[in-house]
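Coordinates from final.cif are shown below (mmCIF, C-alpha atoms).
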```cif
data_target
loop_
_atom_site.label_atom_id
_atom_site.label_comp_id
_atom_site.auth_asym_id
_atom_site.auth_seq_id
_atom_site.Cartn_x
_atom_site.Cartn_y
_atom_site.Cartn_z
CA MET P 510 -5.03 19.71 -36.40
CA ARG P 511 -4.72 17.30 -33.50
CA LEU P 512 -1.37 15.57 -33.17
CA ILE P 513 -1.50 11.96 -32.01
CA GLN P 514 1.53 10.74 -30.11
CA SER P 515 2.63 7.38 -31.46
CA GLN P 516 3.18 4.47 -29.10
CA PRO P 517 6.54 2.68 -29.08
CA SER P 518 6.46 -0.70 -30.83
CA HIS P 519 7.97 -2.34 -27.76
CA VAL P 520 8.47 -1.29 -24.16
CA ASP P 521 11.80 -2.37 -22.70
CA LEU P 522 10.88 -3.59 -19.23
CA CYS P 523 14.57 -3.79 -18.24
CA ASN P 524 14.22 -7.47 -17.29
CA LYS P 525 11.38 -6.62 -14.92
CA ARG P 526 8.10 -8.51 -14.68
CA LEU P 527 4.89 -6.50 -14.92
CA LEU P 528 1.48 -7.45 -13.55
CA ILE P 529 -1.44 -5.48 -14.99
CA PHE P 530 -4.03 -5.90 -12.26
CA ILE P 531 -7.62 -5.16 -13.24
CA VAL P 532 -10.13 -4.71 -10.44
CA ALA P 533 -13.59 -5.51 -11.76
CA TYR P 534 -17.10 -5.28 -10.39
CA ASN P 535 -20.17 -5.45 -12.63
CA ALA P 536 -17.95 -4.64 -15.64
CA GLU P 537 -19.58 -7.03 -18.11
CA THR P 538 -20.01 -4.35 -20.79
CA THR P 539 -16.49 -2.87 -20.50
CA ILE P 540 -13.99 -5.54 -19.41
CA GLU P 541 -13.23 -6.82 -22.93
CA LYS P 542 -12.76 -3.28 -24.24
CA VAL P 543 -10.31 -2.54 -21.45
CA LEU P 544 -8.31 -5.67 -22.24
CA SER P 545 -8.23 -4.89 -25.96
CA ARG P 546 -6.86 -1.40 -25.21
CA ILE P 547 -3.71 -2.67 -23.50
CA PRO P 548 -0.96 -1.45 -25.85
CA ALA P 549 0.67 -3.96 -28.18
CA SER P 550 4.03 -2.70 -26.90
CA LEU P 551 3.26 -4.55 -23.66
CA HIS P 552 2.44 -7.87 -25.33
CA SER P 553 5.35 -9.73 -23.79
CA ASP P 554 6.22 -12.88 -21.88
CA ASP P 555 7.19 -10.63 -18.96
CA VAL P 556 3.66 -9.21 -18.74
CA GLU P 557 0.67 -10.88 -17.12
CA VAL P 558 -2.86 -9.58 -16.76
CA LEU P 559 -4.72 -10.47 -13.57
CA ILE P 560 -8.47 -9.88 -13.43
CA ILE P 561 -10.16 -10.25 -10.07
CA ASP P 562 -13.92 -10.17 -10.38
CA ASP P 563 -15.19 -9.12 -6.96
CA SER P 564 -18.36 -11.25 -6.93
CA SER P 565 -20.04 -9.28 -9.68
CA LYS P 566 -23.77 -9.72 -10.17
CA ASP P 567 -23.38 -9.77 -13.96
CA GLY P 568 -21.27 -11.74 -16.44
CA THR P 569 -17.93 -10.02 -15.79
CA PHE P 570 -16.19 -13.27 -14.88
CA VAL P 571 -17.48 -15.12 -17.95
CA LYS P 572 -16.50 -12.27 -20.28
CA GLY P 573 -13.00 -12.32 -18.81
CA LEU P 574 -12.71 -16.06 -19.36
CA ARG P 575 -13.92 -15.78 -22.95
CA TYR P 576 -11.35 -13.12 -23.71
CA GLN P 577 -8.71 -15.32 -22.08
CA GLU P 578 -9.64 -18.23 -24.38
CA ARG P 579 -9.61 -16.14 -27.56
CA ASN P 580 -6.40 -14.19 -27.01
CA SER P 581 -2.80 -15.16 -26.37
CA GLU P 582 -0.89 -11.85 -26.59
CA PHE P 583 0.03 -12.22 -22.93
CA LYS P 584 -0.88 -14.45 -20.04
CA ILE P 585 -4.29 -13.69 -18.55
CA THR P 586 -5.40 -14.98 -15.17
CA VAL P 587 -9.07 -14.54 -14.27
CA LEU P 588 -10.17 -15.00 -10.66
CA ARG P 589 -13.46 -14.45 -8.85
CA THR P 590 -13.92 -13.86 -5.14
CA PRO P 591 -16.52 -16.09 -3.43
CA GLU P 592 -17.69 -13.06 -1.43
CA ASN P 593 -17.41 -9.37 -2.22
CA GLN P 594 -14.17 -8.06 -0.73
CA GLY P 595 -14.70 -4.39 -1.43
CA TYR P 596 -12.50 -2.11 -3.52
CA GLY P 597 -9.70 -2.12 -0.95
CA GLY P 598 -10.01 -5.83 -0.25
CA ASN P 599 -9.72 -6.59 -3.95
CA GLN P 600 -6.51 -4.55 -4.16
CA LYS P 601 -5.02 -6.45 -1.22
CA LEU P 602 -5.53 -9.72 -3.10
CA GLY P 603 -3.92 -8.35 -6.26
CA TYR P 604 -0.89 -6.85 -4.54
CA ARG P 605 -0.31 -10.02 -2.54
CA TYR P 606 -0.53 -12.00 -5.80
CA ALA P 607 2.09 -9.68 -7.34
CA ILE P 608 4.47 -10.03 -4.40
CA ASP P 609 4.07 -13.78 -3.99
CA ASN P 610 4.55 -14.46 -7.72
CA GLY P 611 7.72 -12.45 -8.11
CA PHE P 612 6.50 -9.47 -10.14
CA ASP P 613 8.56 -6.29 -10.00
CA ILE P 614 5.80 -3.84 -10.87
CA VAL P 615 2.03 -3.97 -10.49
CA ALA P 616 -0.23 -1.58 -12.41
CA LEU P 617 -3.76 -1.04 -11.12
CA VAL P 618 -6.36 -0.60 -13.88
CA HIS P 619 -10.14 -0.38 -13.45
CA GLY P 620 -12.41 -2.72 -15.34
CA ASP P 621 -14.94 0.03 -16.13
CA GLY P 622 -12.61 1.78 -18.59
CA GLN P 623 -12.39 5.05 -16.66
CA TYR P 624 -8.57 4.99 -16.79
CA ALA P 625 -6.89 4.62 -20.18
CA PRO P 626 -4.73 1.47 -20.51
CA GLU P 627 -3.01 3.24 -23.42
CA LYS P 628 -1.12 5.36 -20.86
CA LEU P 629 0.59 2.36 -19.25
CA PRO P 630 3.90 2.67 -21.19
CA ALA P 631 4.30 6.33 -20.16
CA LEU P 632 3.38 5.63 -16.52
CA LEU P 633 5.90 2.80 -16.38
CA GLU P 634 8.86 4.99 -17.28
CA PRO P 635 9.71 6.46 -13.82
CA LEU P 636 9.59 2.97 -12.29
CA LEU P 637 11.74 1.44 -15.01
CA ARG P 638 14.29 4.24 -14.62
CA GLY P 639 14.38 3.70 -10.86
CA GLU P 640 13.15 7.24 -10.20
CA ALA P 641 10.00 6.35 -8.24
CA ASP P 642 8.49 3.70 -5.98
CA ALA P 643 4.97 4.53 -7.12
CA VAL P 644 3.51 6.38 -10.09
CA PHE P 645 0.04 7.91 -9.97
CA GLY P 646 -1.92 8.94 -13.02
CA SER P 647 -3.34 12.35 -12.13
CA ARG P 648 -6.40 13.95 -13.67
CA MET P 649 -5.82 17.20 -11.81
CA ILE P 650 -2.45 18.31 -13.14
CA ASP P 651 -4.56 20.03 -15.79
CA LYS P 652 -7.73 20.85 -13.89
CA CYS P 653 -9.51 22.24 -16.95
CA ALA P 654 -8.93 18.98 -18.81
CA ALA P 655 -10.58 17.10 -15.97
CA ARG P 656 -13.78 19.09 -16.44
CA GLN P 657 -13.61 18.75 -20.22
CA GLY P 658 -13.29 15.00 -19.74
CA GLY P 659 -16.65 14.91 -18.01
CA MET P 660 -15.71 14.98 -14.32
CA PRO P 661 -18.87 16.18 -12.54
CA LEU P 662 -18.52 19.61 -10.95
CA TYR P 663 -19.17 18.37 -7.43
CA LYS P 664 -16.44 15.73 -7.78
CA TRP P 665 -14.07 18.27 -9.34
CA ILE P 666 -14.53 20.67 -6.42
CA GLY P 667 -14.54 17.92 -3.76
CA ASN P 668 -11.37 16.37 -5.19
CA GLN P 669 -9.49 19.66 -4.86
CA ILE P 670 -10.78 20.41 -1.37
CA LEU P 671 -9.84 16.98 -0.03
CA THR P 672 -6.46 17.00 -1.78
CA SER P 673 -5.61 20.46 -0.38
CA PHE P 674 -6.55 19.32 3.12
CA GLN P 675 -4.47 16.15 2.81
CA ASN P 676 -1.46 18.00 1.40
CA PHE P 677 -1.61 20.41 4.35
CA MET P 678 -1.94 17.67 6.96
CA LEU P 679 0.68 15.35 5.47
CA GLN P 680 3.07 18.04 4.20
CA THR P 681 2.89 16.74 0.64
CA ARG P 682 2.41 18.42 -2.73
CA LEU P 683 0.38 15.93 -4.75
CA SER P 684 -1.97 17.25 -7.41
CA GLU P 685 -4.49 14.52 -6.61
CA PHE P 686 -4.99 11.92 -3.87
CA HIS P 687 -8.04 10.31 -5.46
CA SER P 688 -7.05 8.82 -8.79
CA GLY P 689 -7.37 5.05 -9.00
CA TYR P 690 -4.75 4.74 -11.74
CA ARG P 691 -1.60 3.62 -9.93
CA LEU P 692 1.59 1.68 -10.50
CA TYR P 693 3.68 0.34 -7.63
CA ALA P 694 7.06 -1.31 -7.30
CA THR P 695 6.35 -4.53 -5.41
CA SER P 696 9.54 -3.95 -3.40
CA ALA P 697 7.88 -0.79 -2.08
CA LEU P 698 4.56 -2.51 -1.38
CA GLY P 699 6.47 -5.02 0.72
CA GLN P 700 7.65 -2.20 2.97
CA VAL P 701 4.20 -0.97 4.03
CA PRO P 702 1.42 -2.84 5.91
CA PHE P 703 -1.17 -2.37 3.14
CA GLU P 704 -3.04 -5.50 4.24
CA ARG P 705 -4.04 -3.66 7.43
CA ASN P 706 -5.86 -1.03 5.40
CA THR P 707 -9.59 -0.69 4.94
CA ASN P 708 -11.48 -2.82 2.43
CA ASP P 709 -13.45 0.26 1.44
CA PHE P 710 -12.75 2.94 -1.18
CA HIS P 711 -10.43 5.02 1.02
CA PHE P 712 -7.86 2.21 0.79
CA ASP P 713 -6.26 4.45 -1.84
CA THR P 714 -5.80 7.23 0.71
CA GLU P 715 -4.41 4.94 3.39
CA ILE P 716 -1.77 3.45 1.10
CA ILE P 717 -0.65 6.94 0.03
CA ILE P 718 -0.28 7.87 3.69
CA GLN P 719 1.82 4.74 4.26
CA PHE P 720 4.09 5.61 1.34
CA VAL P 721 4.46 9.17 2.63
CA LEU P 722 5.26 8.04 6.18
CA LYS P 723 7.76 5.52 4.81
CA LYS P 724 9.31 8.31 2.70
CA LEU P 725 8.86 6.31 -0.48
CA ARG P 726 9.04 8.21 -3.77
CA ILE P 727 5.77 9.06 -5.51
CA ALA P 728 5.68 10.44 -9.06
CA GLU P 729 2.65 11.88 -10.82
CA LEU P 730 1.98 11.99 -14.55
CA PRO P 731 -1.04 13.45 -16.35
CA ILE P 732 -3.75 11.14 -17.65
CA PRO P 733 -6.91 11.90 -19.61
CA THR P 734 -10.18 12.12 -17.73
CA PHE P 735 -13.07 10.03 -18.97
CA TYR P 736 -16.50 9.75 -17.40
CA GLY P 737 -18.91 7.65 -19.41
CA ASP P 738 -22.07 5.82 -18.43
CA GLU P 739 -20.34 3.58 -15.88
CA ILE P 740 -22.10 3.18 -12.55
CA CYS P 741 -20.38 4.87 -9.62
CA HIS P 742 -20.36 2.65 -6.54
CA VAL P 743 -18.85 5.31 -4.26
CA ASN P 744 -20.93 7.15 -1.67
CA GLY P 745 -19.30 10.57 -1.98
CA LEU P 746 -20.10 11.91 1.48
CA LYS P 747 -19.06 8.70 3.24
CA TYR P 748 -15.88 8.57 1.18
CA ALA P 749 -14.97 12.17 2.07
CA TRP P 750 -15.59 11.49 5.77
CA ASP P 751 -13.48 8.31 5.66
CA VAL P 752 -10.65 10.17 3.93
CA PHE P 753 -10.82 12.94 6.54
CA LYS P 754 -10.70 10.46 9.42
CA ALA P 755 -7.79 8.48 7.95
CA THR P 756 -5.77 11.63 7.34
CA MET P 757 -6.45 12.96 10.84
CA LYS P 758 -5.48 9.62 12.41
CA ALA P 759 -2.19 9.62 10.52
CA ARG P 760 -1.43 13.17 11.66
CA LEU P 761 -2.26 12.33 15.28
CA CYS P 762 -0.05 9.23 15.07
CA GLY P 763 2.80 11.46 13.97
CA MET P 764 2.19 13.65 17.04
CA HIS P 765 2.12 10.56 19.34
CA LEU P 766 -1.47 11.37 20.32
CA PHE P 767 -2.98 8.30 18.68
CA TYR P 768 -1.79 4.90 17.50
CA ASP P 769 -2.93 2.85 14.55
CA ARG P 770 -0.76 -0.06 13.44
CA LYS P 771 -1.46 0.56 9.78
CA PHE P 772 0.39 3.85 10.10
CA ASP P 773 3.37 2.34 11.91
CA THR P 774 5.64 1.98 8.88
CA GLU P 775 9.01 1.37 10.53
CA ALA P 776 11.16 -1.17 8.75
CA GLY P 777 9.83 -4.69 8.89
CA PRO P 778 6.46 -6.05 9.96
CA LEU P 779 7.68 -6.65 13.53
CA ALA P 780 9.28 -3.27 14.11
CA HIS P 781 7.87 -0.94 16.74
CA SER P 782 8.40 2.76 17.32
CA ASP P 783 10.11 4.28 20.32
CA LYS P 784 7.39 5.23 22.80
CA LEU P 785 9.55 6.10 25.81
CA GLY P 786 8.97 9.84 25.57
CA PHE P 787 5.39 9.68 26.85
CA PRO P 788 3.15 7.36 28.94
CA SER P 789 3.06 4.01 27.12
CA SER P 790 3.49 0.29 27.62
CA GLN P 791 7.23 0.72 27.02
CA THR P 792 7.49 3.43 29.67
CA PHE P 793 5.53 1.37 32.19
CA ALA P 794 7.73 -1.67 31.51
CA VAL P 795 10.92 0.28 32.22
CA GLU P 796 9.46 1.87 35.35
CA SER P 797 8.31 -1.50 36.69
CA CYS P 798 11.83 -2.98 36.68
CA LEU P 799 13.99 -2.57 39.76
CA PRO P 800 17.64 -1.54 39.34
CA SER P 801 20.42 -4.12 39.05
CA LYS P 802 18.10 -7.04 38.27
CA ASN P 803 18.14 -9.78 35.66
CA VAL P 804 15.38 -9.08 33.12
CA LEU P 805 14.08 -11.39 30.40
CA GLN P 806 12.50 -9.35 27.63
CA LEU P 807 10.35 -11.37 25.21
CA GLY P 808 9.20 -9.78 21.98
CA ILE P 809 11.67 -6.86 22.01
CA GLY P 810 9.04 -4.10 21.68
CA HIS P 811 11.84 -1.70 20.85
CA ALA P 812 15.60 -1.73 21.38
CA ASN P 813 15.40 1.43 23.48
CA VAL P 814 13.56 -0.49 26.21
CA ALA P 815 16.62 -2.66 26.74
CA ALA P 816 18.85 0.41 26.51
CA ALA P 817 16.81 2.18 29.21
CA LEU P 818 17.01 -0.89 31.44
CA GLU P 819 20.76 -1.05 30.95
CA LYS P 820 21.00 2.48 32.35
CA LYS P 821 19.30 1.09 35.47
CA LEU P 822 22.19 -1.44 35.67
CA CYS P 823 19.87 -4.29 34.69
CA HIS P 824 21.20 -7.31 32.86
CA VAL P 825 18.81 -7.82 29.92
CA THR P 826 18.32 -10.90 27.81
CA ALA P 827 16.01 -9.90 24.98
CA ILE P 828 14.55 -12.36 22.50
CA ASP P 829 12.84 -11.25 19.32
CA PHE P 830 10.46 -13.78 17.72
CA GLY P 831 11.22 -12.47 14.26
CA ALA P 832 13.54 -9.85 12.81
CA ASN P 833 16.28 -8.95 15.29
CA GLU P 834 16.05 -5.17 15.10
CA ALA P 835 18.30 -4.51 18.05
CA ALA P 836 21.14 -6.88 17.30
CA LYS P 837 23.23 -4.05 15.86
CA LYS P 838 22.70 -1.71 18.82
CA PRO P 839 25.59 -1.76 21.29
CA THR P 840 23.35 -0.58 24.12
CA ALA P 841 21.18 -3.68 23.95
CA LEU P 842 22.72 -6.54 25.89
CA PRO P 843 22.64 -10.10 24.62
CA PHE P 844 19.96 -10.50 22.00
CA ALA P 845 19.13 -14.03 21.01
CA SER P 846 19.52 -14.82 17.32
CA THR P 847 16.86 -17.52 17.51
CA PRO P 848 13.46 -17.47 19.26
CA THR P 849 14.54 -19.76 22.07
CA VAL P 850 13.48 -19.02 25.63
CA PRO P 851 16.28 -19.79 28.16
CA SER P 852 15.77 -22.99 30.14
CA ASP P 853 16.93 -21.35 33.39
CA VAL P 854 14.10 -18.80 33.61
CA ALA P 855 14.26 -18.96 37.41
CA ARG P 856 17.42 -16.82 37.43
CA TYR P 857 15.49 -13.83 36.12
CA HIS P 858 13.88 -11.42 38.57
CA GLN P 859 11.38 -10.06 36.04
CA VAL P 860 9.98 -11.10 32.67
CA LEU P 861 8.64 -8.51 30.23
CA LEU P 862 6.16 -9.73 27.62
CA MET P 863 6.72 -6.96 25.10
CA ASP P 864 4.03 -6.77 22.40
CA LEU P 865 3.32 -10.49 22.50
CA ILE P 866 -0.39 -9.91 22.99
CA GLU P 867 -0.51 -8.22 19.57
CA LYS P 868 0.62 -11.43 17.90
#
```
Starting from the file, give its structure as C-alpha cells.
Amino acid sequence: MRLIQSQPSHVDLCNKRLLIFIVAYNAETTIEKVLSRIPASLHSDDVEVLIIDDSSKDGTFVKGLRYQERNSEFKITVLRTPENQGYGGNQKLGYRYAIDNGFDIVALVHGDGQYAPEKLPALLEPLLRGEADAVFGSRMIDKCAARQGGMPLYKWIGNQILTSFQNFMLQTRLSEFHSGYRLYATSALGQVPFERNTNDFHFDTEIIIQFVLKKLRIAELPIPTFYGDEICHVNGLKYAWDVFKATMKARLCGMHLFYDRKFDTEAGPLAHSDKLGFPSSQTFAVESCLPSKNVLQLGIGHANVAAALEKKLCHVTAIDFGANEAAKKPTALPFASTPTVPSDVARYHQVLLMDLIEK
C-alpha cells in the first residue's frame, strides 16, 4: 500500500509575500497543467504567480493569458520578452521583479512540468522558519529514485561527476548543483550580483557559487524526479564545459589568480576586495604616491588604500560615490559623506581615480 502524504489546507506564510516565478519556453502543452498543480494551500492574497514567456515559438503566452482570465485563486501576471533572453536572462528578470515589488520569497518553477509544484509548501518551510537563505529541491538525495523517475543514465552519471567536482573545488557538500527547482529569500538575492551572471543555462551554477562565496545558507530537500516527453533545450557537453569554467574561475578568484566581478560578493554593489597583497591597481596606486603629500582619492577602491597611504604620512581625502564602506575605519582619514569633489583641488599633490573606469 502506498501512503499519500496529505497537504496542509493552508500554508502560514508568516506575513511574507511569495512570488511563484515560472520560466517558460515553448511550454504550450504543459503551462496550464503546471498552474493547476499549485497547491490550494498557497491560494492566498500574499501569493502571486509570475509567468515570463521567453519569446516562445508556440502559444505559451496565449495559454498563460487564458488561464489568467479563467482563474482567480491568486494573482497571475503573464509577461513575454520581445527577444529571447535565455534561461539565465529570464531568471534575472524574475528575480528583479521579485525584489522591486517587495516580495520576501521567490520560488522558481519550470513551465514544462519537470519539477512538481506540489512540493512548494515543503520547500518553503526552511525559509519561513528563517533557517535558510535558499532552498534547493534535490533529485540526487535519493539517487536510485532519480533513475526510477526517468533521469537518463548519461545525465545521472554526469550530474554526479559535475557535482563531485564542484563540491571539491568550492568546499561544499551539496547533493546536487543542477536542479532547477529553487526558492530564494529576496533579501539574499539582493546581496549577490546575480545580474552579472550568464544568460545561459549555467546561470544556476554561478548563483550557487555567489551564495557560497557570500556564506549564505543553502538547504536541500528531496523532490521527485520526472522526465516526460518535454524537449530538452540544453546542450549537455557545452553545459558541462561552462559549469567547469565557471567553477574554476571562482576557485582562481579565491586564490587571487583571476578576477571576475560576478564572483566579488563583498557587501554592497560598490564594495571592492583588498588587493594590496599582490600586484594590482591598488598596489600601484599606493606605490605611486610620494610620502607626506595631500592625496585626493576618488571612488575609494578599498579602505586599505587610504590606510596604506596614511602609513606613508599622506593626508588622504577619500570620496566614495555610493556606499561609504570606509567611514567606520579609524585608519581612513576624512571620508566625505556625500559625493562632492572639493573645490580647492589645487591643494592636492596627487589624485587617485580608484575604480571609476568600471562605472
One-decimal distance in Å that lies between atom CA of Ala755 of chain P and atom CA of Ile727 of chain P: 19.1 Å
Please compute the atom CA of Gly646 of chain P-atom CA of Ser673 of chain P distance, one decimal, in Å. 17.5 Å
What separates atom CA of Thr539 of chain P and atom CA of Gly620 of chain P is a distance of 6.6 Å
Selected residue of minimal separation from Tyr857 of chain P among P:Asn803, P:Thr672, P:Asn524, P:Asn744, counting all atoms listed in the file: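 Looking only at the distances to Tyr857 of chain P, the closest residue turns out to be P:Asn803.
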Assuming the chain letters and numbering stay as they are in my file, what does the PyMOL selection byres ((chain P and resi 725) around 9) actually select? List them as a PyMOL selection string. chain P and resi 641-643+697+719-724+726-727
Residue with smallest distance to Gln600 of chain P - pool P:Val543, P:Val615, P:Ile718, P:Ala794, counting all atoms listed in the file: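 Answer, going by the shortest atom-to-atom distance: P:Val615.
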Which residues come within 9 Å of Leu588 of chain P, counting all atoms listed in the file, excluding same-chain residues fewer than 4 positions away, as a count of residues only? 6
Starting from the displayed file, determine the output of the PyMOL selection byres ((chain P and resi 569) around 8) and express the residue list as a PyMOL selection string. chain P and resi 533-538+540+562+565+567-568+570-573
